[in-house]
>>> print(open('model.txt').read())   # compact mmCIF, C-alpha atoms and all ligand atoms
# COMPACT_ATOMS: atom_id res chain seq x y z
CA MET U 131 0.00 0.00 0.00
CA ALA U 132 1.29 3.45 -0.87
CA ARG U 133 2.13 5.62 2.06
CA PRO U 134 0.24 8.92 2.29
CA GLY U 135 3.51 10.67 1.37
CA HIS U 136 3.50 8.97 -1.99
CA SER U 137 0.03 10.06 -2.94
CA ALA U 138 0.88 13.61 -1.96
CA TRP U 139 3.86 13.48 -4.36
CA LEU U 140 1.66 12.05 -7.05
CA VAL U 141 -0.88 14.85 -6.65
CA LEU U 142 1.93 17.40 -6.74
CA ALA U 143 3.47 15.85 -9.86
CA ALA U 144 0.09 15.75 -11.56
CA GLY U 145 -0.41 19.40 -10.63
CA VAL U 146 2.96 20.39 -12.08
CA LEU U 147 2.21 18.48 -15.27
CA LEU U 148 -1.18 20.16 -15.57
CA LEU U 149 0.38 23.57 -15.03
CA ALA U 150 3.07 22.88 -17.63
CA ALA U 151 0.42 21.65 -20.06
CA SER U 152 -1.72 24.72 -19.56
CA ALA U 153 1.30 27.02 -19.86
CA SER U 154 2.43 25.39 -23.11
CA GLY U 155 -1.20 25.37 -24.21
CA GLN U 156 -1.20 29.14 -23.80
CA THR U 157 1.97 29.68 -25.79
CA GLN U 158 0.68 27.31 -28.42
CA ASN U 159 -2.52 29.26 -28.36
CA CYS U 160 -0.64 32.15 -29.93
CA LEU U 161 2.10 30.28 -31.84
CA SER U 162 -0.19 27.74 -33.43
CA ALA U 163 -2.69 30.32 -34.59
CA THR U 164 -3.46 30.13 -38.29
CA PHE U 165 -4.56 33.03 -40.44
CA GLN U 166 -6.63 33.73 -43.46
CA GLY U 167 -4.67 33.36 -46.72
CA GLY U 168 -1.95 31.33 -45.01
CA ARG U 169 -0.32 34.41 -43.52
CA THR U 170 2.33 33.77 -40.90
CA PHE U 171 3.98 35.98 -38.32
CA GLN U 172 7.36 35.61 -36.63
CA LYS U 173 6.39 36.65 -33.13
CA CYS U 174 3.32 36.61 -30.99
CA GLY U 175 2.13 37.22 -27.48
CA ASN U 176 -1.05 36.63 -25.55
CA MET U 177 -2.12 39.95 -24.14
CA ALA U 178 -2.99 40.36 -20.49
CA ALA U 179 -6.60 41.42 -20.97
CA LEU U 180 -9.74 40.78 -23.02
CA GLY U 181 -8.42 37.45 -24.34
CA ALA U 182 -6.50 39.24 -27.07
CA SER U 183 -3.30 38.20 -28.81
CA LEU U 184 -0.92 40.09 -31.07
CA HIS U 185 1.07 38.48 -33.88
CA TRP U 186 3.69 40.39 -35.82
CA THR U 187 6.73 40.40 -38.04
CA TYR U 188 9.10 43.32 -37.64
CA HIS U 189 11.19 44.50 -40.58
CA ALA U 190 14.20 46.47 -39.37
CA VAL U 191 15.17 47.58 -42.91
CA ASN U 192 12.16 49.83 -43.29
CA GLY U 193 10.95 50.04 -39.68
CA THR U 194 7.58 48.42 -40.42
CA ALA U 195 5.64 45.71 -38.66
CA ASP U 196 3.09 43.38 -40.22
CA ILE U 197 0.45 42.85 -37.59
CA ALA U 198 -2.45 40.57 -36.80
CA PHE U 199 -4.49 41.49 -33.75
CA ARG U 200 -6.92 38.86 -32.60
CA ALA U 201 -9.64 39.17 -29.95
CA PRO U 202 -12.89 37.40 -29.16
CA GLN U 203 -16.12 39.40 -29.39
CA GLY U 204 -19.77 38.87 -30.26
CA SER U 205 -20.75 39.66 -33.86
CA ASN U 206 -22.57 42.80 -32.72
CA GLY U 207 -19.50 44.14 -30.98
CA TRP U 208 -16.26 45.80 -32.04
CA VAL U 209 -12.60 45.27 -31.23
CA ALA U 210 -9.78 47.74 -31.68
CA TRP U 211 -6.00 47.77 -31.62
CA GLY U 212 -3.70 50.72 -31.92
CA ILE U 213 -0.53 52.56 -31.11
CA ASN U 214 -0.42 55.70 -29.01
CA PRO U 215 2.71 57.73 -29.84
CA SER U 216 1.94 60.05 -26.91
CA GLY U 217 1.58 57.65 -23.99
CA LEU U 218 -0.20 54.66 -22.49
CA SER U 219 -3.70 56.08 -22.58
CA MET U 220 -6.72 56.35 -24.79
CA GLY U 221 -6.37 60.00 -25.87
CA GLY U 222 -4.03 60.30 -28.85
CA SER U 223 -4.25 56.63 -29.78
CA ASN U 224 -4.13 55.75 -33.47
CA VAL U 225 -6.51 52.84 -33.69
CA PHE U 226 -7.89 50.24 -36.06
CA ILE U 227 -11.50 49.35 -35.20
CA ALA U 228 -13.04 46.19 -36.65
CA SER U 229 -16.80 45.72 -36.60
CA HIS U 230 -19.74 44.34 -38.49
CA ASP U 231 -21.86 46.52 -40.71
CA ASP U 232 -25.37 46.61 -39.31
CA SER U 233 -27.19 46.06 -42.65
CA SER U 234 -24.79 44.12 -44.87
CA GLY U 235 -23.15 42.14 -42.08
CA THR U 236 -19.70 42.60 -43.63
CA VAL U 237 -16.63 43.17 -41.49
CA SER U 238 -14.70 46.36 -42.09
CA VAL U 239 -11.91 48.34 -40.45
CA LEU U 240 -11.96 52.00 -39.65
CA THR U 241 -8.83 53.93 -38.76
CA THR U 242 -9.02 56.93 -36.50
CA VAL U 243 -7.07 59.05 -34.06
CA LEU U 244 -8.84 59.24 -30.69
CA GLU U 245 -8.72 62.93 -29.87
CA GLY U 246 -9.36 63.66 -26.24
CA THR U 247 -12.57 62.67 -24.64
CA SER U 248 -15.43 62.00 -27.02
CA PRO U 249 -14.05 60.42 -30.19
CA THR U 250 -15.95 61.15 -33.39
CA PHE U 251 -14.87 57.95 -35.17
CA ALA U 252 -14.35 59.55 -38.55
CA ASN U 253 -12.50 57.21 -40.90
CA GLN U 254 -9.27 59.20 -41.13
CA SER U 255 -5.58 58.65 -41.79
CA LEU U 256 -3.29 57.99 -38.86
CA SER U 257 -0.35 59.99 -37.62
CA PHE U 258 2.07 57.34 -38.94
CA PRO U 259 2.09 55.66 -42.35
CA VAL U 260 0.02 52.53 -42.91
CA PRO U 261 1.69 51.15 -46.08
CA VAL U 262 -0.71 48.24 -46.48
CA PRO U 263 -4.43 49.05 -45.96
CA PRO U 264 -5.93 47.20 -43.01
CA THR U 265 -8.38 44.34 -43.37
CA ALA U 266 -10.28 42.27 -40.84
CA ASP U 267 -12.06 38.98 -40.66
CA TYR U 268 -14.41 37.36 -38.21
CA ALA U 269 -14.60 33.63 -37.57
CA ALA U 270 -15.82 31.52 -34.66
CA GLY U 271 -16.49 34.55 -32.48
CA VAL U 272 -13.03 36.03 -32.99
CA TYR U 273 -12.02 39.16 -34.87
CA THR U 274 -8.64 39.42 -36.56
CA ILE U 275 -7.33 42.79 -37.73
CA PHE U 276 -4.47 42.67 -40.28
CA THR U 277 -2.39 45.74 -40.90
CA THR U 278 1.10 46.96 -41.61
CA VAL U 279 2.35 50.03 -39.81
CA THR U 280 5.50 52.08 -39.99
CA LEU U 281 6.43 52.31 -36.35
CA PRO U 282 6.43 55.95 -35.18
CA ARG U 283 9.89 57.54 -34.70
CA ASN U 284 11.33 54.31 -36.16
CA SER U 285 11.37 53.03 -32.60
CA THR U 286 10.83 49.35 -31.92
CA THR U 287 9.18 50.07 -28.56
CA GLN U 288 5.63 51.37 -28.81
CA ASN U 289 2.67 52.01 -26.55
CA THR U 290 0.02 49.61 -27.72
CA VAL U 291 -3.63 49.78 -26.72
CA TRP U 292 -6.55 47.55 -27.43
CA GLN U 293 -10.20 47.48 -26.55
CA ALA U 294 -13.52 45.76 -27.14
CA GLY U 295 -17.11 46.91 -26.83
CA GLN U 296 -20.60 46.63 -28.23
CA GLY U 297 -21.93 48.22 -31.39
CA THR U 298 -21.78 47.99 -35.15
CA THR U 299 -19.82 49.97 -37.76
CA GLY U 300 -20.29 53.68 -37.18
CA ALA U 301 -22.42 53.07 -34.08
CA TYR U 302 -19.84 52.02 -31.53
CA SER U 303 -20.95 51.99 -27.91
CA PRO U 304 -18.31 53.05 -25.40
CA HIS U 305 -16.29 50.13 -24.07
CA PRO U 306 -17.14 48.87 -20.58
CA MET U 307 -15.07 50.12 -17.65
CA SER U 308 -14.25 46.74 -16.22
CA GLU U 309 -10.85 45.86 -14.84
CA ALA U 310 -9.91 44.07 -18.09
CA ASN U 311 -10.93 47.06 -20.20
CA LEU U 312 -8.72 49.33 -18.13
CA ARG U 313 -5.77 46.98 -18.16
CA SER U 314 -5.54 46.80 -21.93
CA THR U 315 -2.36 48.78 -22.54
CA LEU U 316 1.11 47.46 -23.09
CA SER U 317 4.47 48.92 -23.91
CA LEU U 318 5.78 46.44 -26.48
CA ASP U 319 9.21 46.03 -28.03
CA PHE U 320 8.49 44.73 -31.53
CA LEU U 321 12.12 43.62 -31.89
CA SER U 322 12.54 41.54 -28.73
CA GLY U 323 8.88 40.85 -28.04
CA GLN U 324 9.26 42.04 -24.46
CA SER U 325 6.43 44.00 -22.96
CA THR U 326 5.58 45.84 -19.79
CA GLY U 327 2.15 46.62 -18.42
CA GLY U 328 0.77 50.06 -18.89
CA GLY U 329 0.20 52.98 -16.58
CA SER U 330 -3.41 52.00 -16.23
CA ASN U 331 -2.27 49.18 -13.98
CA SER U 332 -1.17 51.62 -11.31
CA ARG U 333 -4.29 53.63 -11.92
CA LEU U 334 -6.39 50.53 -11.51
CA HIS U 335 -4.47 49.75 -8.34
CA ARG U 336 -5.27 53.19 -6.95
CA ARG U 337 -8.89 52.86 -7.95
CA ASN U 338 -9.04 49.63 -5.98
CA ILE U 339 -7.43 51.29 -2.95
CA HIS U 340 -9.97 54.12 -3.24
CA GLY U 341 -12.76 51.54 -3.32
CA ILE U 342 -11.50 49.54 -0.37
CA LEU U 343 -10.76 52.60 1.80
CA ASN U 344 -14.22 54.02 1.17
CA ALA U 345 -16.09 50.75 1.56
CA VAL U 346 -14.34 50.03 4.87
CA SER U 347 -14.73 53.56 6.25
CA TRP U 348 -18.09 54.86 5.05
CA GLY U 349 -19.53 51.44 4.40
CA ILE U 350 -18.56 49.56 7.56
CA LEU U 351 -16.87 51.60 10.31
CA ILE U 352 -19.32 54.50 10.33
CA PRO U 353 -22.53 52.42 10.32
CA LEU U 354 -20.92 50.24 13.01
CA GLY U 355 -20.18 53.36 15.07
CA ALA U 356 -23.78 54.51 14.67
CA MET U 357 -25.01 51.11 15.83
CA ILE U 358 -22.72 51.25 18.85
CA ALA U 359 -24.19 54.61 19.83
CA ARG U 360 -27.75 53.49 19.33
CA TYR U 361 -27.68 50.03 20.82
CA LEU U 362 -25.02 50.06 23.54
CA ARG U 363 -26.41 53.18 25.18
CA VAL U 364 -29.42 51.41 26.64
CA PHE U 365 -27.15 49.28 28.82
CA GLU U 366 -26.34 51.38 31.84
CA ALA U 367 -23.12 49.45 32.40
CA ALA U 368 -21.85 50.57 28.97
CA ASP U 369 -22.37 54.22 29.76
CA PRO U 370 -19.27 56.15 29.03
CA ALA U 371 -17.75 53.22 27.11
CA TRP U 372 -20.25 53.36 24.24
CA PHE U 373 -19.44 57.00 23.73
CA TYR U 374 -15.70 56.42 23.41
CA LEU U 375 -16.26 53.41 21.14
CA HIS U 376 -18.59 55.48 19.01
CA ILE U 377 -16.09 58.33 18.73
CA THR U 378 -13.24 55.93 17.95
CA CYS U 379 -15.23 54.22 15.22
CA GLN U 380 -16.44 57.44 13.66
CA LEU U 381 -13.14 59.26 13.84
CA SER U 382 -11.15 56.39 12.34
CA GLY U 383 -13.88 55.92 9.76
CA TYR U 384 -13.71 59.64 8.99
CA ILE U 385 -9.92 59.68 8.64
CA LEU U 386 -9.84 56.61 6.36
CA GLY U 387 -12.86 57.90 4.51
CA VAL U 388 -11.34 61.31 3.85
CA ALA U 389 -8.18 59.62 2.57
CA GLY U 390 -10.30 57.49 0.23
CA TRP U 391 -12.31 60.54 -0.79
CA ALA U 392 -9.18 62.58 -1.57
CA LEU U 393 -7.80 59.70 -3.64
CA GLY U 394 -11.12 59.62 -5.49
CA LEU U 395 -10.86 63.34 -6.26
CA LYS U 396 -7.31 62.82 -7.52
CA LEU U 397 -8.43 59.95 -9.73
CA GLY U 398 -11.31 62.07 -10.97
CA SER U 399 -9.02 64.98 -11.85
CA GLU U 400 -6.72 62.62 -13.80
CA SER U 401 -9.55 61.00 -15.69
CA LYS U 402 -9.97 63.46 -18.51
CA GLY U 403 -13.17 62.98 -20.39
CA ILE U 404 -14.59 60.15 -18.35
CA THR U 405 -16.46 61.68 -15.45
CA TYR U 406 -18.78 60.03 -13.01
CA ASN U 407 -20.78 63.03 -11.86
CA PRO U 408 -23.35 61.34 -9.61
CA HIS U 409 -20.63 59.32 -7.84
CA ARG U 410 -18.51 62.41 -7.41
CA ASN U 411 -21.35 64.63 -6.19
CA ILE U 412 -22.62 62.08 -3.69
CA GLY U 413 -19.04 61.69 -2.48
CA MET U 414 -18.83 65.46 -1.94
CA ALA U 415 -22.12 65.47 -0.05
CA ILE U 416 -20.96 62.61 2.19
CA PHE U 417 -17.71 64.43 2.94
CA CYS U 418 -19.60 67.62 3.88
CA LEU U 419 -22.10 65.78 6.09
CA ALA U 420 -19.35 63.82 7.84
CA THR U 421 -17.24 66.93 8.39
CA LEU U 422 -20.29 68.65 9.83
CA GLN U 423 -20.66 65.74 12.25
CA VAL U 424 -17.07 66.12 13.45
CA PHE U 425 -17.56 69.82 14.10
CA ALA U 426 -20.94 69.23 15.66
CA LEU U 427 -19.17 67.19 18.29
CA LEU U 428 -17.39 70.35 19.43
CA LEU U 429 -20.66 72.25 19.66
CA ARG U 430 -22.53 69.52 21.49
CA PRO U 431 -24.61 71.10 24.25
CA ASP U 432 -24.54 69.58 27.70
CA LYS U 433 -27.00 66.74 28.41
CA LYS U 434 -29.13 69.04 30.56
CA ASN U 435 -29.14 71.91 28.08
CA LYS U 436 -32.54 72.50 26.48
CA TYR U 437 -30.93 72.65 23.02
CA ARG U 438 -29.53 69.14 23.38
CA PHE U 439 -32.84 67.75 22.14
CA TYR U 440 -32.48 69.69 18.85
CA TRP U 441 -28.81 68.85 18.59
CA ASN U 442 -29.72 65.16 18.84
CA ILE U 443 -32.25 65.45 16.04
CA TYR U 444 -29.69 67.25 13.91
CA HIS U 445 -26.91 64.78 14.75
CA HIS U 446 -29.06 61.77 13.96
CA SER U 447 -30.52 63.07 10.70
CA VAL U 448 -27.14 64.19 9.34
CA GLY U 449 -25.55 60.91 10.46
CA TYR U 450 -28.18 58.64 8.99
CA SER U 451 -28.25 60.63 5.74
CA ALA U 452 -24.49 60.21 5.41
CA ILE U 453 -24.79 56.46 6.00
CA VAL U 454 -27.56 56.00 3.42
CA LEU U 455 -25.71 58.13 0.86
CA SER U 456 -22.55 56.12 1.54
CA ALA U 457 -24.26 52.83 0.79
CA ILE U 458 -25.69 54.28 -2.44
CA ASN U 459 -22.32 55.64 -3.47
CA ILE U 460 -20.51 52.40 -2.75
CA PHE U 461 -22.88 50.64 -5.15
CA LYS U 462 -22.27 53.38 -7.71
CA GLY U 463 -18.53 52.92 -7.23
CA LEU U 464 -18.81 49.16 -7.60
CA ASP U 465 -20.67 49.72 -10.86
CA ILE U 466 -17.86 51.92 -12.11
CA LEU U 467 -15.01 49.70 -10.97
CA LYS U 468 -16.73 46.42 -11.87
CA PRO U 469 -14.23 44.47 -9.82
CA ALA U 470 -13.66 40.85 -10.68
CA GLY U 471 -15.07 38.28 -8.28
CA GLY U 472 -17.73 38.68 -5.66
CA TRP U 473 -16.98 42.14 -4.27
CA LYS U 474 -20.49 43.39 -4.81
CA THR U 475 -21.95 40.25 -3.26
CA THR U 476 -19.54 40.63 -0.34
CA TYR U 477 -20.63 44.19 0.22
CA ILE U 478 -24.30 43.22 -0.02
CA ALA U 479 -23.64 40.47 2.54
CA ILE U 480 -21.93 42.96 4.87
CA LEU U 481 -24.82 45.41 4.51
CA ALA U 482 -27.35 42.65 5.11
CA THR U 483 -25.44 41.48 8.19
CA LEU U 484 -25.25 45.02 9.59
CA GLY U 485 -28.94 45.50 8.81
CA GLY U 486 -29.89 42.17 10.39
CA VAL U 487 -27.88 42.86 13.53
CA ALA U 488 -29.39 46.37 13.71
CA LEU U 489 -32.90 44.97 13.39
CA PHE U 490 -32.26 42.44 16.12
CA LEU U 491 -30.71 45.03 18.43
CA GLU U 492 -33.52 47.44 17.66
CA ALA U 493 -35.97 44.83 18.96
CA VAL U 494 -33.81 44.19 22.02
CA THR U 495 -33.53 47.93 22.69
CA TRP U 496 -37.28 48.43 22.49
CA ALA U 497 -37.89 45.44 24.73
CA ILE U 498 -35.53 46.91 27.32
CA ILE U 499 -37.01 50.40 27.04
CA LEU U 500 -40.59 49.13 27.32
CA ARG U 501 -39.74 46.95 30.30
CA ARG U 502 -37.99 49.85 31.95
CA ARG U 503 -40.98 52.12 31.36
CA LYS U 504 -43.29 49.51 32.78
CA SER U 505 -41.23 49.09 35.93
CA ASP U 506 -40.92 52.87 36.18
CA LYS U 507 -44.68 53.11 35.94
CA SER U 508 -45.31 50.55 38.65
CA HIS U 509 -42.72 52.35 40.78
CA ALA U 510 -44.55 55.56 40.12
CA ALA U 511 -47.89 54.01 41.00
CA ALA U 512 -46.40 52.67 44.21
CA ASN U 513 -44.84 56.03 45.08
CA GLY U 514 -47.88 58.06 44.13
CA ALA U 515 -46.18 61.38 43.57
CA GLY U 516 -43.24 59.89 41.68
CA TRP U 517 -44.82 59.98 38.19
CA GLN U 518 -44.46 63.69 37.63
CA HIS U 519 -40.85 63.47 38.60
CA GLN U 520 -40.24 60.56 36.24
CA ARG U 521 -41.74 62.40 33.31
CA GLN U 522 -39.49 65.37 33.87
CA ALA U 523 -36.45 63.18 33.96
CA ALA U 524 -37.32 61.32 30.77
C1 LIG U 601 9.61 46.40 -45.64
O1 LIG U 601 10.59 45.41 -45.73
C2 LIG U 601 10.09 44.09 -45.87
C3 LIG U 601 11.29 43.15 -45.81
O2 LIG U 601 12.28 43.50 -46.73
C4 LIG U 601 9.31 43.98 -47.13
O3 LIG U 601 8.82 42.64 -47.28
C5 LIG U 601 8.16 44.94 -47.09
O4 LIG U 601 7.43 44.92 -48.29
C6 LIG U 601 8.67 46.35 -46.82
N1 LIG U 601 7.53 47.19 -46.59
C7 LIG U 601 7.39 48.38 -47.12
C8 LIG U 601 6.14 49.11 -46.81
O5 LIG U 601 8.22 48.85 -47.85
C1 LIG U 602 15.01 52.36 -38.66
O1 LIG U 602 16.02 51.93 -37.74
C2 LIG U 602 16.76 50.83 -38.21
C3 LIG U 602 17.72 50.42 -37.12
O2 LIG U 602 17.04 50.27 -35.91
C4 LIG U 602 17.51 51.21 -39.47
O3 LIG U 602 18.24 50.11 -39.96
C5 LIG U 602 16.53 51.69 -40.50
O4 LIG U 602 17.22 52.16 -41.65
C6 LIG U 602 15.65 52.78 -39.97
N1 LIG U 602 14.63 53.06 -40.94
C7 LIG U 602 14.22 54.27 -41.21
C8 LIG U 602 13.12 54.37 -42.23
O5 LIG U 602 14.71 55.27 -40.70
C1 LIG U 603 -12.30 53.50 -44.16
O1 LIG U 603 -11.62 53.92 -45.33
C2 LIG U 603 -11.00 52.86 -46.04
C3 LIG U 603 -10.20 53.46 -47.19
O2 LIG U 603 -10.79 54.59 -47.68
C4 LIG U 603 -12.03 51.86 -46.53
O3 LIG U 603 -11.41 50.80 -47.21
C5 LIG U 603 -12.78 51.33 -45.31
O4 LIG U 603 -13.80 50.46 -45.72
C6 LIG U 603 -13.37 52.48 -44.53
N1 LIG U 603 -13.95 51.93 -43.32
C7 LIG U 603 -15.15 52.24 -42.88
C8 LIG U 603 -15.62 51.57 -41.65
O5 LIG U 603 -15.85 53.05 -43.45
>>> encode(input="model.txt", output="structure tokens")
Amino acid sequence: MARPGHSAWLVLAAGVLLLAASASGQTQNCLSATFQGGRTFQKCGNMAALGASLHWTYHAVNGTADIAFRAPQGSNGWVAWGINPSGLSMGGSNVFIASHDDSSGTVSVLTTVLEGTSPTFANQSLSFPVPVPPTADYAAGVYTIFTTVTLPRNSTTQNTVWQAGQGTTGAYSPHPMSEANLRSTLSLDFLSGQSTGGGSNSRLHRRNIHGILNAVSWGILIPLGAMIARYLRVFEAADPAWFYLHITCQLSGYILGVAGWALGLKLGSESKGITYNPHRNIGMAIFCLATLQVFALLLRPDKKNKYRFYWNIYHHSVGYSAIVLSAINIFKGLDILKPAGGWKTTYIAILATLGGVALFLEAVTWAIILRRRKSDKSHAAANGAGWQHQRQAA
């Protein structure tokens, strides 16, 4: 009988084999690709996003590259590949867009320079020569764009961009803003085939940090702090403690939240053209409400002061508004970021848990308050004159 150690080795070996097979499968994926008309290319690479691959042959003598860009997409969608001589971003990109014609169903390529924010998609010549006119084909759910370009500045290293979205020729819908759609830039050396990820990686990273900071602060810490204030207070034993816990929660939530908010503003100011006004405006409102809460703390009247009643109303309404707006804005942010995996579900689960706990504690609180009132009443009845006094104290 094999010892357990042996089976562990077997599993490991099988795993390594599988990994090797899948790795070689991936390289083959690009090397074994075949093209219309028996075209071949010397180099290829699977790109990091959108399932795309690039195949090319670089000619040093005249600084040109024959290119095939391949990416999967539904027949009522478009794919695009291009070079941006001015940086790793969308603005300034010289792109080839392949799509189906809505009426004839034929596949055609449009070339255009994406100027700034809202591209017009006029079929225009690019900022570098395209010695062989581009063509495209579509088979088995995959577009292939063929073109030959003279690499700008006769440099072998270029900023390449690619993208995919819905729409037919001349009626392109904007591409989604998912992680993959924002990761689709690559600085590629056409001579060596080496590539490095684009600037949008660090931008994506910062967007994720912005999301996590804000979800943890406004989405978890601050509602938790509000629950502490509301539900711990009824326990006499927790008297000053709830207050300090509440302050700690809210202040740390506020500090993290302001950091996340500032990062969001920075990201917004860098994102030329793409603006998320509702998300931004709600974020501003939340910041103002929360800041108001911090200052309100300094103006809090004494417990016995007659204005304390109004201050409480104010404090609660501003606080609850900020919490509701935060939850709305976190969903808006999740829709913008479209993170991979179950982030949205996780956040919904957290909200549901907080809500469930709040509901339960609300019931407990009311039970305690009602019982206390009842015992107060019977005390009052026993004491006769005590009732008036109780009412004043309440
Ligand atoms: C560039 O050079 C290659 C290799 O000599 C040649 O096949 C190709 O036709 C040339 N392209 C242009 C646009 O001159
Ligand atoms: C481009 O650069 C290569 C060397 O990297 C050179 O051999 C070639 O002549 C240059 N072509 C042009 C059009 O300047
Ligand atoms: C763009 O112009 C080229 C050349 O004039 C043409 O072959 C191509 O079909 C045009 N593409 C579109 C989408 O109109």
>>> residues_near_point(input="model.txt", point="(-24.5, 42.9, -42.4)", cutoff="10 Å", atoms="all atoms listed in the file", output="list in words")
Ser205, Asn206, His230, Asp231, Asp232, Ser233, Ser234, Gly235, Thr236, Val237, Thr298 and Thr299 of chain U
>>> residues_near_ligand(input="model.txt", ligand="ligand LIG 602 (chain U)", cutoff="9 Å", atoms="only C-alpha atoms and all ligand atoms", output="list in words")
His189, Ala190, Val191, Asn192, Gly193, Thr194, Thr280, Leu281, Arg283, Asn284, Ser285 and Thr286 of chain U
>>> residues_around(input="model.txt", residues="region 443-455 of chain U", least_positions_apart="3", cutoff="6 Å", atoms="all atoms listed in the file", output="ChimeraX atom specification")
/U:416,440,458
>>> closest_residue(input="model.txt", among="U:Leu362, U:Leu386, U:Ile498, U:Ala228", to="ligand LIG 603 (chain U)", atoms="all atoms listed in the file")
U:Ala228
>>> residues_around(input="model.txt", residues="region 461-472 of chain U", least_positions_apart="3", cutoff="8 Å", atoms="only C-alpha atoms", output="PyMOL selection string")
chain U and resi 307-309+337-338+341+409+457-458+475-476
